[in-house]
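Worksheet: the structure to be examined is printed underneath.
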Amino acid sequence: MSAAECGRPPHIPDETLCIAHRGYRACFPENTLLAFAQSLGRSHMIELDVRLSRDGEVIVFHDELLCRTTNARLCASEWGLSSLQVIDWSLTELQRLDAGAWFLEADPFSSLGSKLVRAEDILVHLPQKIPTLDEVLCWSRKHAMRLNIELKDLAKVELNRLLVEAVIAALQRQQVEHLVLLSSFNHRLLPYCRGLAPDIACAALQEKTHPPELVAYLRDLQVCAYHPENALTDQALIALLWSAGIAVNVFTVNDHLRMKELAGFGVSGIITDYPHLSTCGQA
C-alpha cells in the first residue's frame, strides 16, 4: 500500500475512508471471517488485530486472554490446559475454539436486543473459528479489501520481533503488500517493519496524549499515517498533519454526527464499530 493509500491522498478527495473496526463488530463476532464478510459493501478497509500462537503462527485476535470472545474457559478444563493466554495455546488448540457463540449471549452492542441484527443471521454461521492471518489475507486478496493490521504488543522484545517478521512474511507470501497498512501502539515496532519491508505502509496508533513535536516524531518513525483516538482529534490536528503529508485515521467513532464533523474537517479515515452509520461507507 502506498503512502497515499494509507488514508486520503495529499490532494484531498471528496471521500473519507470507512474502516470497519475488527470487522462489522457491532453486529457480528469481532475479528472473524463472518464480521469481515459483513463489512463488504459497508466499508473501504477493515481493521484487525494480530498475535502469535505458542508455536509462532500469526492469528487474528484482539485480547491477550481468550475468555471474553471464545469458549476457551470450558475447553481448557476439558483439555487439561491451565492458561487462558493466547500465547500459551498452539494454533491447533486455538482453531478448535468457537469464537462466535459468545456474541449471542453477550450482545455487546445491544444489536440483537435492538433488532439491528437477528440471532438466526449469526447462528447459521456458527461455529466461527479464530482465523489465521494467512486465511484473512487470502480472503482480502479475493475481495480486493484493504486491511489495517494492528500489531499487538506481546510485551517481550523477541516475541514482538517474531510477530513483525511473521506478519511481513505472510504479506509477501500472499502478495498483498499493496492492500495492507500496519499499525501499532508500540511505536518501536514501526521502524522495524520499515527496515524489513520499506514498501509496506505503517501508521502510529496513539491515545491519551500526542507525542511532543508530533510531525517530527512521525517523520522519524517513517510512517505515512497517524491513528489518534477520537478524543485527541480536532480540525487543527488534521490540518497540521495534512500540511506535512501525513494521513489521519481516527478511532473509534460510533456517533453519526461526530463522523460527519470529522469528515468535514478532512479526516482521512474513520475507524468505527458501526460502518452502516458512516457517511463515508459504500452502502
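Going by the C-alpha cells order, chains are called A, B, ..., each with residues numbered from 1, while ligands are numbered from 1 in the order shown.
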
Considering only C-alpha atoms, give me a table of residues in segment 52-166 of chain A that are at most 12 Å from segment 256-276 of chain A, with the closest atom pair and distance in Å for each, as a Markdown table.
```
| residue | atom | partner | partner_atom | distance |
| --- | --- | --- | --- | --- |
| A:Pro108 | CA | A:Asp273 | CA | 11.2 |
| A:Phe109 | CA | A:Asp273 | CA | 9.2 |
| A:Ser111 | CA | A:Tyr274 | CA | 10.4 |
| A:Leu116 | CA | A:His276 | CA | 10.6 |
| A:Leu147 | CA | A:Ile271 | CA | 11.7 |
| A:Asn148 | CA | A:Ile271 | CA | 9.9 |
```

Would you output that residue set with N, CA and C atoms, as a PDB file, in the first residue's frame?
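Result went into result-v2.pdb, see below:
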```
ATOM      1  N   PRO A 108     -22.862  -7.521  22.905  1.00  0.00           N
ATOM      2  CA  PRO A 108     -22.052  -6.434  23.463  1.00  0.00           C
ATOM      3  C   PRO A 108     -22.475  -5.029  23.040  1.00  0.00           C
ATOM      4  N   PHE A 109     -23.129  -4.892  21.919  1.00  0.00           N
ATOM      5  CA  PHE A 109     -23.574  -3.582  21.452  1.00  0.00           C
ATOM      6  C   PHE A 109     -25.100  -3.450  21.467  1.00  0.00           C
ATOM      7  N   SER A 111     -27.117  -5.026  19.825  1.00  0.00           N
ATOM      8  CA  SER A 111     -27.600  -5.074  18.448  1.00  0.00           C
ATOM      9  C   SER A 111     -28.678  -6.130  18.257  1.00  0.00           C
ATOM     10  N   LEU A 116     -31.099  -4.803  15.401  1.00  0.00           N
ATOM     11  CA  LEU A 116     -30.233  -4.368  14.318  1.00  0.00           C
ATOM     12  C   LEU A 116     -29.712  -5.573  13.540  1.00  0.00           C
ATOM     13  N   LEU A 147      -6.692  -3.758   4.275  1.00  0.00           N
ATOM     14  CA  LEU A 147      -6.633  -4.130   5.689  1.00  0.00           C
ATOM     15  C   LEU A 147      -5.713  -3.194   6.454  1.00  0.00           C
ATOM     16  N   ASN A 148      -6.157  -2.802   7.626  1.00  0.00           N
ATOM     17  CA  ASN A 148      -5.293  -2.149   8.612  1.00  0.00           C
ATOM     18  C   ASN A 148      -5.003  -3.205   9.684  1.00  0.00           C
TER      19      ASN A 148
END
```

Picked from segment 22-258 of chain A by DSSP as helix (DSSP H, G or I), as a ChimeraX atom specification: /A:33-37,72-79,86-88,91-94,102-106,119-123,133-143,157-174,177-179,189-196,214-221,230-232,235-243,256-258

For a quick check of understanding, using only C-alpha atoms, which of A:Ile246, A:Leu97, A:Leu137, A:Ala119 has the smallest distance to Val176 of chain A?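 Smallest separation from Val176 of chain A among the options: A:Leu137.
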
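The space separating atom CA of Gly80 of chain A from atom CA of Cys67 of chain A comes to 15.6 Å.
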
Segment 44-261 of chain A: which residues are strand (DSSP E or B) by DSSP, as an mmCIF file with C-alpha atoms, in the first residue's frame?
```cif
data_model
loop_
_atom_site.group_PDB
_atom_site.id
_atom_site.type_symbol
_atom_site.label_atom_id
_atom_site.label_comp_id
_atom_site.auth_asym_id
_atom_site.auth_seq_id
_atom_site.Cartn_x
_atom_site.Cartn_y
_atom_site.Cartn_z
ATOM 1 C CA MET A 45 -10.960 -1.051 4.764
ATOM 2 C CA ILE A 46 -11.043 -3.456 7.717
ATOM 3 C CA GLU A 47 -9.056 -3.010 10.923
ATOM 4 C CA LEU A 48 -7.955 -6.224 12.654
ATOM 5 C CA ASP A 49 -5.511 -7.368 15.329
ATOM 6 C CA VAL A 50 -2.765 -9.976 15.222
ATOM 7 C CA ARG A 51 -0.970 -12.055 17.844
ATOM 8 C CA LEU A 52 1.214 -15.160 17.940
ATOM 9 C CA VAL A 58 0.004 -15.432 13.364
ATOM 10 C CA ILE A 59 -3.652 -15.393 14.373
ATOM 11 C CA VAL A 60 -6.292 -12.671 14.185
ATOM 12 C CA LEU A 65 -6.756 -13.611 27.102
ATOM 13 C CA GLN A 85 -3.405 -16.539 27.455
ATOM 14 C CA THR A 132 -5.059 -17.195 10.814
ATOM 15 C CA ARG A 146 -7.726 -3.226 2.164
ATOM 16 C CA LEU A 147 -6.633 -4.130 5.689
ATOM 17 C CA ASN A 148 -5.293 -2.149 8.612
ATOM 18 C CA ILE A 149 -3.401 -4.785 10.606
ATOM 19 C CA GLU A 150 -2.680 -3.784 14.204
ATOM 20 C CA LEU A 151 0.403 -5.431 15.651
ATOM 21 C CA VAL A 180 -2.117 -3.508 3.828
ATOM 22 C CA LEU A 181 -1.390 -0.786 6.370
ATOM 23 C CA LEU A 182 0.466 -1.938 9.505
ATOM 24 C CA SER A 183 -0.162 -0.072 12.769
ATOM 25 C CA SER A 184 0.763 -0.385 16.438
ATOM 26 C CA ALA A 201 2.822 1.395 4.742
ATOM 27 C CA CYS A 202 2.821 1.968 8.514
ATOM 28 C CA ALA A 203 0.796 4.045 10.976
ATOM 29 C CA ALA A 204 1.282 5.090 14.598
ATOM 30 C CA LEU A 205 -1.639 4.449 16.962
ATOM 31 C CA GLN A 206 -1.978 6.931 19.822
ATOM 32 C CA ALA A 225 -0.423 7.840 8.800
ATOM 33 C CA TYR A 226 -1.338 8.750 12.361
ATOM 34 C CA HIS A 227 -4.198 6.980 14.174
ATOM 35 C CA PRO A 228 -5.254 9.096 17.175
ATOM 36 C CA GLU A 229 -8.179 8.266 19.410
ATOM 37 C CA ALA A 247 -2.880 10.886 6.756
ATOM 38 C CA VAL A 248 -5.147 10.842 9.839
ATOM 39 C CA ASN A 249 -7.416 7.869 10.611
ATOM 40 C CA VAL A 250 -9.400 8.322 13.844
ATOM 41 C CA PHE A 251 -10.554 5.578 16.251
#
```

To one decimal place, how far is atom CA of Asp55 of chain A from atom CA of Leu94 of chain A in Å? 10.9 Å

Got a sec: who's within 9 Å of Gln38 of chain A, counting only C-alpha atoms, leaving out chain neighbours fewer than 2 positions off, as a list in words?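 Result of the neighbour search: Gly23, Tyr24, Cys27, Phe28, Leu33, Leu34, Ala35, Phe36, Leu40, Gly41 and Arg42 of chain A.
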
Nearest-residue call for Ile130 of chain A, choices A:Leu179, A:Ala106, A:Leu189, A:Leu66, using only C-alpha atoms: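 Closest candidate: A:Leu66.
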
Need to verify the contact set: Pro198 of chain A, 10 Å, only C-alpha atoms, exclusion of same-chain residues closer than 6 positions in sequence. Can you return it as a list in words?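 Those residues are Pro191, Tyr192 and Gln222 of chain A.
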
Residue nearest Glu93 of chain A - candidates A:Arg54, A:His125, A:Arg188, A:His62, atoms counted: only C-alpha atoms: A:Arg54

Residues within 10 Å of Leu214 of chain A, only C-alpha atoms, excluding chain neighbours under 4 positions, as a ChimeraX atom specification: /A:210,218-220,226,237,240-241

A:Ser43, A:Ala101, A:Thr32, A:Asp121 ranked by distance to Leu17 of chain A, top pick (using only C-alpha atoms):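 Counting only C-alpha atoms, the residue closest to Leu17 of chain A is A:Ser43.
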
Would you mind listing what lies within 8 Å of Asp153 of chain A as a list in words, with only C-alpha atoms counted and same-chain residues fewer than 5 positions away left out?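 Final neighbour list, sorted by chain and number: Asn160, Ser184, Phe185 and Asn186 of chain A.
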
I'd like the interatomic distance between atom CA of Lys208 of chain A and atom CA of Cys224 of chain A, to a tenth of an Å. 20.8 Å

Which residue is closest to Trp139 of chain A? Choose from A:Ile122, A:Ala155, A:Ala37, A:Val86 and count only C-alpha atoms. A:Ala37

Could you list, as a list in words, every residue within 6 Å of Ser53 of chain A, counting only C-alpha atoms and ignoring same-chain residues fewer than 3 positions away?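 The contact residues come out as Gly56, Glu57, Ile87, Trp89, Ser90 and Leu91 of chain A.
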
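Nearest residue to Arg96 of chain A among A:Gln128, A:Thr16, A:Ser39, A:Thr69 is A:Gln128, counting only C-alpha atoms.
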